[in-house]
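Peer 1: This is the content of data.cif (mmCIF, C-alpha atoms and all ligand atoms):
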```cif
data_entry
#
loop_
_atom_site.label_atom_id
_atom_site.label_comp_id
_atom_site.auth_asym_id
_atom_site.auth_seq_id
_atom_site.Cartn_x
_atom_site.Cartn_y
_atom_site.Cartn_z
CA MET M 308 -6.32 -57.46 65.32
CA LYS M 309 -2.53 -57.65 65.51
CA LYS M 310 -2.35 -57.03 61.76
CA ILE M 311 -4.61 -53.99 62.00
CA LEU M 312 -2.45 -52.58 64.80
CA LEU M 313 0.63 -53.20 62.65
CA ILE M 314 -0.88 -51.29 59.73
CA ILE M 315 -1.88 -48.39 61.97
CA SER M 316 1.51 -48.25 63.68
CA SER M 317 3.33 -48.32 60.32
CA PHE M 318 1.64 -44.98 59.54
CA PHE M 319 3.58 -43.42 62.36
CA ILE M 320 6.90 -45.18 61.96
CA SER M 321 9.16 -43.29 59.58
CA VAL M 322 9.80 -45.01 56.27
CA THR M 323 13.54 -44.87 56.92
CA ALA M 324 13.11 -47.42 59.69
CA LEU M 325 12.33 -50.05 57.07
CA ALA M 326 14.99 -52.04 55.27
CA ASP M 327 15.85 -52.15 51.58
CA GLN M 328 13.47 -54.87 50.59
CA PRO M 329 9.70 -55.22 50.84
CA LYS M 330 8.47 -55.89 54.37
CA GLU M 331 5.31 -57.66 55.42
CA TRP M 332 2.45 -55.22 55.83
CA GLN M 333 4.57 -52.42 54.48
CA LEU M 334 2.55 -49.45 53.28
CA GLY M 335 5.01 -46.75 52.29
CA PHE M 336 7.91 -46.83 49.87
CA GLN M 337 11.06 -48.82 50.41
CA ASN M 338 13.91 -47.01 52.09
CA PRO M 339 15.42 -44.66 49.47
CA ALA M 340 19.05 -45.37 48.64
CA SER M 341 19.58 -42.76 45.92
CA GLY M 342 18.95 -39.04 45.48
CA GLY M 343 16.38 -39.80 42.78
CA MET M 344 14.30 -41.98 45.07
CA ARG M 345 14.56 -39.47 47.90
CA ASP M 346 13.04 -36.84 45.57
CA ILE M 347 10.18 -39.19 44.75
CA VAL M 348 9.52 -40.05 48.40
CA ASN M 349 9.62 -36.36 49.43
CA PHE M 350 7.27 -35.46 46.59
CA HIS M 351 4.84 -38.17 47.65
CA ASP M 352 5.04 -37.70 51.42
CA ASN M 353 5.22 -33.92 51.62
CA LEU M 354 3.05 -32.82 48.72
CA LEU M 355 0.79 -35.54 47.29
CA LEU M 356 -0.22 -37.09 50.60
CA PRO M 357 -1.26 -33.79 52.31
CA ILE M 358 -3.22 -32.76 49.19
CA ILE M 359 -5.04 -36.08 48.92
CA ILE M 360 -5.82 -36.12 52.66
CA ALA M 361 -7.19 -32.55 52.48
CA ILE M 362 -9.38 -33.42 49.48
CA THR M 363 -10.70 -36.59 51.12
CA VAL M 364 -11.53 -34.80 54.38
CA PHE M 365 -13.16 -31.89 52.49
CA VAL M 366 -15.34 -34.20 50.35
CA LEU M 367 -16.33 -36.23 53.39
CA PHE M 368 -17.31 -33.00 55.17
CA LEU M 369 -19.38 -31.86 52.14
CA MET M 370 -21.20 -35.19 51.99
CA LEU M 371 -22.00 -35.23 55.69
CA TYR M 372 -23.06 -31.58 55.58
CA ALA M 373 -25.37 -32.20 52.59
CA CYS M 374 -26.85 -35.32 54.19
CA ILE M 375 -27.68 -33.52 57.44
CA ARG M 376 -28.47 -29.99 56.26
CA PHE M 377 -30.61 -30.97 53.27
CA ARG M 378 -32.28 -34.10 54.63
CA ALA M 379 -35.94 -34.59 53.58
CA SER M 380 -37.40 -34.14 57.08
CA ALA M 381 -35.80 -30.68 57.46
CA ASN M 382 -36.71 -29.62 53.89
CA PRO M 383 -40.38 -30.35 53.17
CA ASN M 384 -40.19 -27.96 50.16
CA PRO M 385 -36.79 -28.58 48.47
CA SER M 386 -35.06 -25.73 46.63
CA LYS M 387 -35.35 -25.86 42.81
CA ARG M 388 -31.99 -24.15 42.25
CA THR M 389 -29.80 -25.88 39.62
CA HIS M 390 -26.94 -23.49 38.75
CA ASN M 391 -24.52 -21.30 40.63
CA VAL M 392 -21.90 -19.56 38.52
CA THR M 393 -19.50 -18.83 41.39
CA VAL M 394 -19.48 -22.44 42.61
CA GLU M 395 -19.03 -23.74 39.05
CA ILE M 396 -16.04 -21.49 38.40
CA LEU M 397 -14.52 -22.49 41.73
CA TRP M 398 -14.89 -26.23 41.23
CA THR M 399 -13.20 -25.92 37.85
CA LEU M 400 -10.42 -23.53 38.83
CA ILE M 401 -9.36 -25.03 42.16
CA PRO M 402 -8.71 -28.56 40.77
CA CYS M 403 -6.74 -26.96 37.88
CA LEU M 404 -4.58 -25.06 40.36
CA ILE M 405 -4.04 -28.21 42.43
CA LEU M 406 -2.92 -30.08 39.30
CA ILE M 407 -0.48 -27.31 38.37
CA VAL M 408 0.94 -27.27 41.91
CA MET M 409 1.54 -31.03 41.58
CA ALA M 410 2.84 -30.94 38.01
CA VAL M 411 5.71 -28.49 38.55
CA PRO M 412 7.76 -30.54 41.06
CA SER M 413 6.72 -33.75 39.29
CA PHE M 414 8.25 -32.60 35.97
CA LYS M 415 11.34 -31.37 37.79
CA ILE M 416 11.94 -34.89 39.15
CA LEU M 417 11.17 -36.45 35.78
CA TYR M 418 13.69 -34.28 33.93
CA LYS M 419 16.33 -34.86 36.60
CA GLN M 420 15.92 -38.61 36.16
CA ASP M 421 16.09 -38.25 32.42
CA THR M 422 19.44 -36.43 32.32
CA ILE M 423 22.16 -38.97 32.82
CA PRO M 424 25.26 -37.46 34.45
CA LYS M 425 28.71 -38.59 33.34
CA ALA M 426 28.70 -42.28 34.16
CA ASP M 427 31.43 -43.96 36.22
CA LEU M 428 30.37 -47.34 34.99
CA THR M 429 27.86 -48.82 32.62
CA ILE M 430 25.93 -52.04 33.00
CA LYS M 431 23.57 -53.61 30.53
CA ALA M 432 20.52 -55.56 31.65
CA VAL M 433 18.83 -57.89 29.19
CA GLY M 434 15.44 -59.39 29.98
CA TYR M 435 14.88 -63.00 29.00
CA GLN M 436 11.95 -65.32 29.64
CA TRP M 437 12.51 -65.63 32.62
CA TYR M 438 15.74 -64.32 34.04
CA TRP M 439 18.00 -61.31 33.67
CA GLY M 440 21.28 -61.29 31.80
CA TYR M 441 23.90 -58.68 32.67
CA GLU M 442 26.87 -57.26 30.89
CA TYR M 443 29.62 -54.90 32.00
CA PRO M 444 30.61 -53.75 28.50
CA ASP M 445 33.78 -51.94 29.63
CA GLU M 446 34.99 -54.89 31.69
CA ASN M 447 34.20 -57.71 29.28
CA ILE M 448 31.95 -59.32 31.85
CA ILE M 449 28.75 -61.19 31.03
CA PHE M 450 26.56 -63.37 33.23
CA ASP M 451 23.01 -64.55 33.82
CA SER M 452 21.10 -64.00 37.00
CA TYR M 453 18.52 -66.59 38.05
CA MET M 454 16.19 -66.57 41.03
CA ILE M 455 17.17 -68.95 43.82
CA GLU M 456 14.51 -71.58 44.45
CA GLU M 457 12.89 -71.53 47.87
CA LYS M 458 14.48 -74.82 48.95
CA ASP M 459 17.99 -73.53 48.19
CA LEU M 460 17.70 -70.20 50.03
CA ARG M 461 20.19 -69.24 52.71
CA ALA M 462 18.75 -67.88 55.94
CA ASP M 463 19.55 -64.26 55.01
CA GLN M 464 18.11 -64.46 51.52
CA PRO M 465 14.56 -63.26 50.87
CA ARG M 466 12.14 -65.55 49.05
CA LEU M 467 11.43 -64.71 45.38
CA LEU M 468 14.01 -61.89 45.44
CA ALA M 469 17.46 -63.43 45.85
CA VAL M 470 19.44 -64.45 42.75
CA ASP M 471 22.48 -66.63 42.11
CA ASN M 472 24.63 -63.97 40.42
CA GLU M 473 24.07 -60.47 41.77
CA VAL M 474 24.87 -57.22 40.04
CA VAL M 475 27.69 -55.58 41.98
CA VAL M 476 28.26 -51.82 41.85
CA PRO M 477 30.43 -49.41 43.86
CA VAL M 478 28.84 -47.00 46.31
CA ASN M 479 28.50 -43.29 45.42
CA LYS M 480 29.24 -43.82 41.73
CA VAL M 481 27.00 -42.92 38.83
CA VAL M 482 25.86 -46.18 37.27
CA LYS M 483 24.33 -46.00 33.83
CA VAL M 484 22.01 -48.88 33.04
CA LEU M 485 21.25 -49.89 29.47
CA ILE M 486 18.09 -51.95 29.37
CA THR M 487 16.81 -54.18 26.62
CA ALA M 488 15.06 -57.53 26.14
CA ASN M 489 15.63 -60.56 24.00
CA ASP M 490 12.15 -61.99 23.62
CA VAL M 491 9.17 -60.08 25.05
CA LEU M 492 8.66 -56.88 27.04
CA HIS M 493 10.18 -56.87 30.53
CA ALA M 494 10.95 -53.97 32.87
CA TRP M 495 13.99 -53.44 35.06
CA ALA M 496 12.79 -51.94 38.33
CA LEU M 497 14.56 -51.23 41.60
CA PRO M 498 12.36 -49.35 44.08
CA SER M 499 15.14 -48.20 46.45
CA PHE M 500 16.93 -46.44 43.59
CA GLY M 501 13.74 -45.01 42.06
CA VAL M 502 14.53 -46.81 38.82
CA LYS M 503 12.04 -48.44 36.47
CA ARG M 504 12.48 -48.77 32.72
CA ASP M 505 10.89 -50.97 30.11
CA ALA M 506 13.07 -53.60 28.49
CA VAL M 507 12.01 -53.65 24.85
CA PRO M 508 13.32 -56.13 22.27
CA GLY M 509 15.31 -54.31 19.58
CA ARG M 510 15.60 -51.11 21.56
CA ILE M 511 17.93 -49.89 24.27
CA ASN M 512 16.52 -47.78 27.08
CA GLU M 513 18.75 -45.91 29.46
CA THR M 514 18.52 -44.94 33.06
CA TRP M 515 20.90 -44.26 35.92
CA PHE M 516 21.29 -44.33 39.66
CA LYS M 517 23.84 -43.39 42.27
CA ALA M 518 23.55 -45.65 45.28
CA GLU M 519 24.43 -43.78 48.45
CA LYS M 520 24.51 -46.68 50.91
CA GLU M 521 26.20 -50.05 50.82
CA GLY M 522 23.84 -52.98 51.03
CA THR M 523 21.78 -55.41 49.01
CA TYR M 524 18.81 -54.06 47.11
CA TYR M 525 16.03 -56.02 45.50
CA GLY M 526 13.75 -55.37 42.57
CA GLN M 527 11.60 -57.34 40.19
CA CYS M 528 10.63 -57.48 36.55
CA SER M 529 7.72 -55.04 36.34
CA GLU M 530 6.14 -55.91 33.05
CA LEU M 531 3.86 -58.95 32.72
CA CYS M 532 6.13 -61.10 30.59
CA GLY M 533 4.73 -64.61 30.83
CA ILE M 534 4.15 -67.50 33.17
CA LYS M 535 7.29 -66.96 35.28
CA HIS M 536 7.10 -63.17 35.36
CA ALA M 537 7.12 -63.21 39.16
CA PHE M 538 10.29 -65.30 39.24
CA MET M 539 12.87 -63.05 37.60
CA PRO M 540 14.01 -60.81 40.47
CA ILE M 541 16.81 -58.26 40.40
CA THR M 542 19.48 -58.10 43.09
CA VAL M 543 22.01 -55.30 43.22
CA LYS M 544 24.82 -55.35 45.76
CA VAL M 545 26.30 -51.96 46.54
CA VAL M 546 29.84 -52.30 47.91
CA SER M 547 32.85 -50.12 48.68
CA GLU M 548 35.28 -49.22 45.87
CA GLU M 549 37.88 -51.75 47.14
CA ASP M 550 35.34 -54.56 47.35
CA TYR M 551 34.12 -53.65 43.89
CA GLN M 552 37.65 -53.86 42.45
CA GLU M 553 38.10 -57.21 44.15
CA TRP M 554 34.82 -58.48 42.71
CA LEU M 555 35.83 -57.13 39.27
CA SER M 556 39.09 -59.04 39.22
CA GLU M 557 37.27 -62.27 40.08
CA ALA M 558 34.38 -61.60 37.72
CA ARG M 559 36.71 -60.82 34.80
CA VAL M 560 37.88 -64.42 35.04
CA LYS M 561 34.64 -66.12 36.10
CA PHE M 562 32.36 -64.26 33.67
CA ALA M 563 34.83 -63.45 30.87
CA LYS M 564 32.85 -62.62 27.77
CA GLU M 565 35.12 -64.18 25.14
CA GLU M 566 35.37 -67.55 26.83
CA ILE M 567 31.65 -67.76 27.36
CA GLU M 568 30.99 -66.88 23.72
CA ASN M 569 33.68 -69.32 22.53
CA ASP M 570 32.03 -72.04 24.60
CA LYS M 571 28.71 -71.26 22.99
CA LEU M 572 30.33 -71.43 19.54
CA LYS M 573 31.96 -74.75 20.40
CA ILE M 574 28.60 -76.16 21.50
CA ALA M 575 26.93 -74.81 18.37
CA SER M 576 29.55 -76.31 16.05
CA LYS M 577 29.27 -79.76 17.62
CU CU M 601 9.98 -60.10 32.72
#
```
Take the structure in this file and express it as structure tokens.
Ligand SMILES: [Cu+2]
Peer 2:
Amino acid sequence: MKKILLIISSFFISVTALADQPKEWQLGFQNPASGGMRDIVNFHDNLLLPIIIAITVFVLFLMLYACIRFRASANPNPSKRTHNVTVEILWTLIPCLILIVMAVPSFKILYKQDTIPKADLTIKAVGYQWYWGYEYPDENIIFDSYMIEEKDLRADQPRLLAVDNEVVVPVNKVVKVLITANDVLHAWALPSFGVKRDAVPGRINETWFKAEKEGTYYGQCSELCGIKHAFMPITVKVVSEEDYQEWLSEARVKFAKEEIENDKLKIASK
């Protein structure tokens, strides 16, 4: 009963009241943290939802009306009519118009997502079975990002979503994300930013986001990629410019690309 009440009440609570990670019994989208996601949420909440509710109510009304008005007991001699040109034109034209009304804003959002503005920084995400590898090509930074096991979680870390090495990006900056995979298909998806792109071996896909709020955002691999598909989450920490610079200076040492590659070479040559 409590759960049912929760579901019903979540219909009335605005989506913005929810945090930036999935919540139990959540029904709507995660809280948008980028312009792109806000467009998607507006499109869904203000256009798709009213249309789908109107259609559902209308069809329900038609069914009830037909059941009552044309029931056998009230119609001992049923009508033999099979065609009605006006009704047939209407039930073809109206759905077409509804689809066009939905398609126009939908394409607008799609094209906006597809045009990458001038990027302030670029990160590269590489899908592996089963973790994500990240690179900051302009900063010479490279690291792997593994899910934290349940037993090792800190109190503030969500289960199945927190990782050991988070992606860190500055707030209000255009981040271009290059996405690829090393073995099988994966997909880099972050609901709060409205970002989801396939990671395809041998191919680089691009997307972008501009996070408007500081905080920690969680996503997951969204392409069935094998037995541990559910255990390769994505964590992005959005921080202020100063904090980002501070992180960069540490990361340049901790995750320096050359040293890591030299180590690998050393191991390989042994
Ligand atoms: Cu995957």
Peer 1: Residues contacting ligand CU 601 (chain M) - anything with an atom at most 12 Å away, using all atoms listed in the file - can you give me those as a PyMOL selection string?
Peer 2: chain M and resi 432-440+453+486-496+504-508+526-541
Peer 1: Which residue is closest to Phe414 (chain M)? Choose from M:Asp346, M:Ile360, M:Lys520, M:Val474 and count all atoms listed in the file.
Peer 2: M:Asp346
Peer 1: Tell me which of M:Glu521, M:Asp445, M:Glu473, M:Glu331 sits closest to Glu548 (chain M), counting only C-alpha atoms.
Peer 2: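 Selected residue with least distance to Glu548 (chain M): M:Glu521.
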Peer 1: Excluding same-chain residues fewer than 2 positions from Lys419 (chain M), what lies within 12 Å of it counting all atoms listed in the file, as a PyMOL selection string?
Peer 2: chain M and resi 342-344+346-347+412-417+421-424+501+514-516
Peer 1: Could you please determine the separation between CA of Asn353 (chain M) and CA of Asn338 (chain M) in Å, to one decimal place?
Peer 2: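 The value is 15.7 Å.
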Peer 1: Considering all atoms listed in the file, can you say which of M:Ala381, M:Val543, M:Val411, M:Ile359 comes closest to Val475 (chain M)?
Peer 2: M:Val543
Peer 1: Within 7 Å of (21.6, -51.5, 28.3) (coordinates as in the file), grab all the protein and nucleic acid residues, counting all atoms listed in the file, and write them out as a PyMOL selection string.
Peer 2: chain M and resi 430-432+484-487+511-513
Peer 1: For each of M:Ser386, M:Asn447, M:Asn479, M:Asn472, take the minimum atom-to-atom distance to Lys517 (chain M), counting only C-alpha atoms, then give the residue where this is smallest.
Peer 2: M:Asn479
Peer 1: When you look at Asp550 (chain M) with a cut-off of 12 Å (counting all atoms listed in the file), what residues show up, excluding the ones that are within fewer than 6 positions of it in the same chain? I need them as a ChimeraX atom specification.
Peer 2: /M:475-478,521,544,556-558
Peer 1: Could you jot down the CA of Arg345 (chain M) to CA of Gln328 (chain M) separation for me, Å, one decimal place?
Peer 2: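 Separating CA of Arg345 (chain M) from CA of Gln328 (chain M) is a distance of 15.7 Å.
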Peer 1: Give the answer as one residue: which of M:Leu428, M:Ser452, M:Tyr443, M:Leu468 has the shortest atom-to-atom distance to Lys483 (chain M), using all atoms listed in the file?
Peer 2: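 Going through M:Leu428, M:Ser452, M:Tyr443, M:Leu468 one by one, the smallest distance to Lys483 (chain M) is for M:Leu428.
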Peer 1: Report the distance between CA of Ile362 (chain M) and CA of Asn382 (chain M) in Å, rounded to one decimal place.
Peer 2: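 Value for the CA of Ile362 (chain M)-CA of Asn382 (chain M) distance: 27.9 Å.
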Peer 1: Select, from M:Arg466, M:Lys561, M:Lys480, M:Lys503, the residue with the minimum atom-to-atom distance to Pro329 (chain M), counting all atoms listed in the file.
Peer 2: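 Among M:Arg466, M:Lys561, M:Lys480, M:Lys503, it is M:Arg466 that comes nearest to Pro329 (chain M).
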